Amino acid sequence: MADLDLRKVRYFLAVAEHLNFGRAAAALHIAQPVLTRQIRALEKELHARLFDRDQRHVELTEAGKQLATDAPGLLAEADAARLRVSRAARGSGTFVVGFMPGLIVSGPVRSLGEAHPDLSVEVRRTGWDDQVAVILDGRVDVGYVRLPVDQRGLTVERLFEEPRVAVLPAGHPLAGAGEITVAELADEHLLQDPGAVPEWRDIATEPRGRDTARRAPSLLTVEEKLEHVAIGHGIVVLPLSTAAFYRRPDVAQATITDIGPNRVCLAWRAGRRSRLISEFVALARAEHADRH
């Protein structure tokens, strides 16, 4: 079997996304006949039909579904390798650490830099939406991630865990409570993906009610979420360190006593053999062992 042509794989993913050759060609800025020839060439190379298609419909075959599952990781790995090679070619010794809001990572970052004076150790703030992507595509070498995440393609090492708190408007009836149960939040409007708080989702009255208009807005940053909480649009559930880092007078927080903690891990691309990653992981472990 011939080696996979990554350009053809990218073309395949565009068709798999749109299930329409015309729209996929437009998104790729190529002519539709060119795209059709490239997909046929890829099918010939793989000895497998990837799409069932007629004049009206395009559907993935079982082989196509499998390639659609495997291809994103394959392309991300290629992009990550290209980025690392580019760094090396520029002679830039750089090590990048990703971190989620509320986490303080300066200790091990500083220690790694002191141990390697010629190395530039940088940090990159991540969020729930990209904390894994930046690892897989090579933008960071190792990242602090908050579970749950899709761990495919990653090596993950547990670091520590912390309670989760409800963040409420300052005038909320529960604002003065130091501890609450998740049942006390059942009637609240959650300003985040309910999948992030399955304990609330399973008992909440809102998803079962008739009013489906008040769905969680697309709020990506902690700052956005807290603004909406302060205005009175709803509540959010955050790890304790995040809520503490963004403490402000117009919101209050209460520890939720009967839901599981948030788990913080270190993660890096599976299969990477890097002395610097091993060294950073050891430094981070040691710091959190001392702190806890």
# chains A, B, ... in the order shown; residues from 1 in each chain; ligands from 1

call {"tool": "select_by_dssp", "arguments": {"residues": "region 104-208 of chain A", "states": "strand (DSSP E or B)", "output": "PyMOL selection string"}}
result
chain A and resi 120-125+142-146+154-162+164-169+179-180+190

call {"tool": "residues_around", "arguments": {"residues": "Lys65 (chain A)", "least_positions_apart": "5", "cutoff": "12 Å", "atoms": "only C-alpha atoms", "output": "MDAnalysis selection string"}}
result
chainID A and resid 12:13 15:17 48:52 59:60 70:71

call {"tool": "residues_around", "arguments": {"residues": "Gln32 (chain A)", "least_positions_apart": "3", "cutoff": "6 Å", "atoms": "only C-alpha atoms", "output": "compact mmCIF listing (two decimals) with C-alpha atoms, in the first residue's frame"}}
result
# COMPACT_ATOMS: atom_id res chain seq x y z
CA GLY A 22 -19.28 21.17 -4.35
CA ALA A 25 -14.36 22.19 -3.07
CA LEU A 35 -11.33 17.35 -5.67

call {"tool": "closest_atom_pairs", "arguments": {"of": "region 219-250 of chain A", "to": "region 99-109 of chain A", "cutoff": "12 Å", "atoms": "only C-alpha atoms", "output": "JSON lines"}}
result
{"residue": "A:Leu220", "atom": "CA", "partner": "A:Pro101", "partner_atom": "CA", "distance": 11.5}
{"residue": "A:Thr221", "atom": "CA", "partner": "A:Pro101", "partner_atom": "CA", "distance": 8.8}
{"residue": "A:Val222", "atom": "CA", "partner": "A:Pro101", "partner_atom": "CA", "distance": 7.6}
{"residue": "A:Glu223", "atom": "CA", "partner": "A:Pro101", "partner_atom": "CA", "distance": 10.0}
{"residue": "A:Leu238", "atom": "CA", "partner": "A:Gly102", "partner_atom": "CA", "distance": 9.8}
{"residue": "A:Pro239", "atom": "CA", "partner": "A:Gly102", "partner_atom": "CA", "distance": 8.3}
{"residue": "A:Leu240", "atom": "CA", "partner": "A:Gly102", "partner_atom": "CA", "distance": 8.4}
{"residue": "A:Ser241", "atom": "CA", "partner": "A:Gly102", "partner_atom": "CA", "distance": 5.2}
{"residue": "A:Thr242", "atom": "CA", "partner": "A:Gly102", "partner_atom": "CA", "distance": 3.9}
{"residue": "A:Ala243", "atom": "CA", "partner": "A:Gly102", "partner_atom": "CA", "distance": 7.4}
{"residue": "A:Ala244", "atom": "CA", "partner": "A:Gly102", "partner_atom": "CA", "distance": 7.5}
{"residue": "A:Phe245", "atom": "CA", "partner": "A:Gly102", "partner_atom": "CA", "distance": 5.4}
{"residue": "A:Tyr246", "atom": "CA", "partner": "A:Gly102", "partner_atom": "CA", "distance": 7.6}
{"residue": "A:Arg247", "atom": "CA", "partner": "A:Gly102", "partner_atom": "CA", "distance": 10.6}

call {"tool": "closest_residue", "arguments": {"among": "A:Ile235, A:Arg152, A:His228, A:Gln38", "to": "Asp187 (chain A)", "atoms": "only C-alpha atoms"}}
result
A:Ile235

call {"tool": "select_by_dssp", "arguments": {"residues": "region 59-168 of chain A", "states": "helix (DSSP H, G or I)", "output": "MDAnalysis selection string"}}
result
chainID A and resid 62:89 106:115 133:136

call {"tool": "residues_around", "arguments": {"residues": "Ala115 (chain A)", "least_positions_apart": "6", "cutoff": "12 Å", "atoms": "only C-alpha atoms", "output": "JSON, numbers by chain"}}
result
{"A": [108, 109, 121, 276, 279, 280, 283]}

call {"tool": "write_last_selection", "arguments": {"atoms": "N, CA and C atoms", "output": "PDB file, in the first residue's frame"}}
result
ATOM      1  N   PRO A 108       7.463  25.424  38.596  1.00  0.00           N
ATOM      2  CA  PRO A 108       8.195  24.496  37.736  1.00  0.00           C
ATOM      3  C   PRO A 108       8.689  25.130  36.439  1.00  0.00           C
ATOM      4  N   VAL A 109       7.977  26.129  35.920  1.00  0.00           N
ATOM      5  CA  VAL A 109       8.445  26.830  34.723  1.00  0.00           C
ATOM      6  C   VAL A 109       9.767  27.534  35.019  1.00  0.00           C
ATOM      7  N   VAL A 121      11.676  28.978  28.155  1.00  0.00           N
ATOM      8  CA  VAL A 121      10.490  28.285  28.662  1.00  0.00           C
ATOM      9  C   VAL A 121       9.326  29.264  28.656  1.00  0.00           C
ATOM     10  N   LEU A 276      13.073  16.856  28.374  1.00  0.00           N
ATOM     11  CA  LEU A 276      12.537  18.072  28.981  1.00  0.00           C
ATOM     12  C   LEU A 276      11.130  17.836  29.547  1.00  0.00           C
ATOM     13  N   GLU A 279      11.508  15.937  32.738  1.00  0.00           N
ATOM     14  CA  GLU A 279      12.050  16.808  33.779  1.00  0.00           C
ATOM     15  C   GLU A 279      10.984  17.765  34.299  1.00  0.00           C
ATOM     16  N   PHE A 280      10.186  18.330  33.382  1.00  0.00           N
ATOM     17  CA  PHE A 280       9.147  19.256  33.817  1.00  0.00           C
ATOM     18  C   PHE A 280       8.093  18.537  34.654  1.00  0.00           C
ATOM     19  N   LEU A 283       9.364  18.112  38.126  1.00  0.00           N
ATOM     20  CA  LEU A 283       9.342  19.381  38.853  1.00  0.00           C
ATOM     21  C   LEU A 283       7.928  19.740  39.300  1.00  0.00           C
TER      22      LEU A 283
END
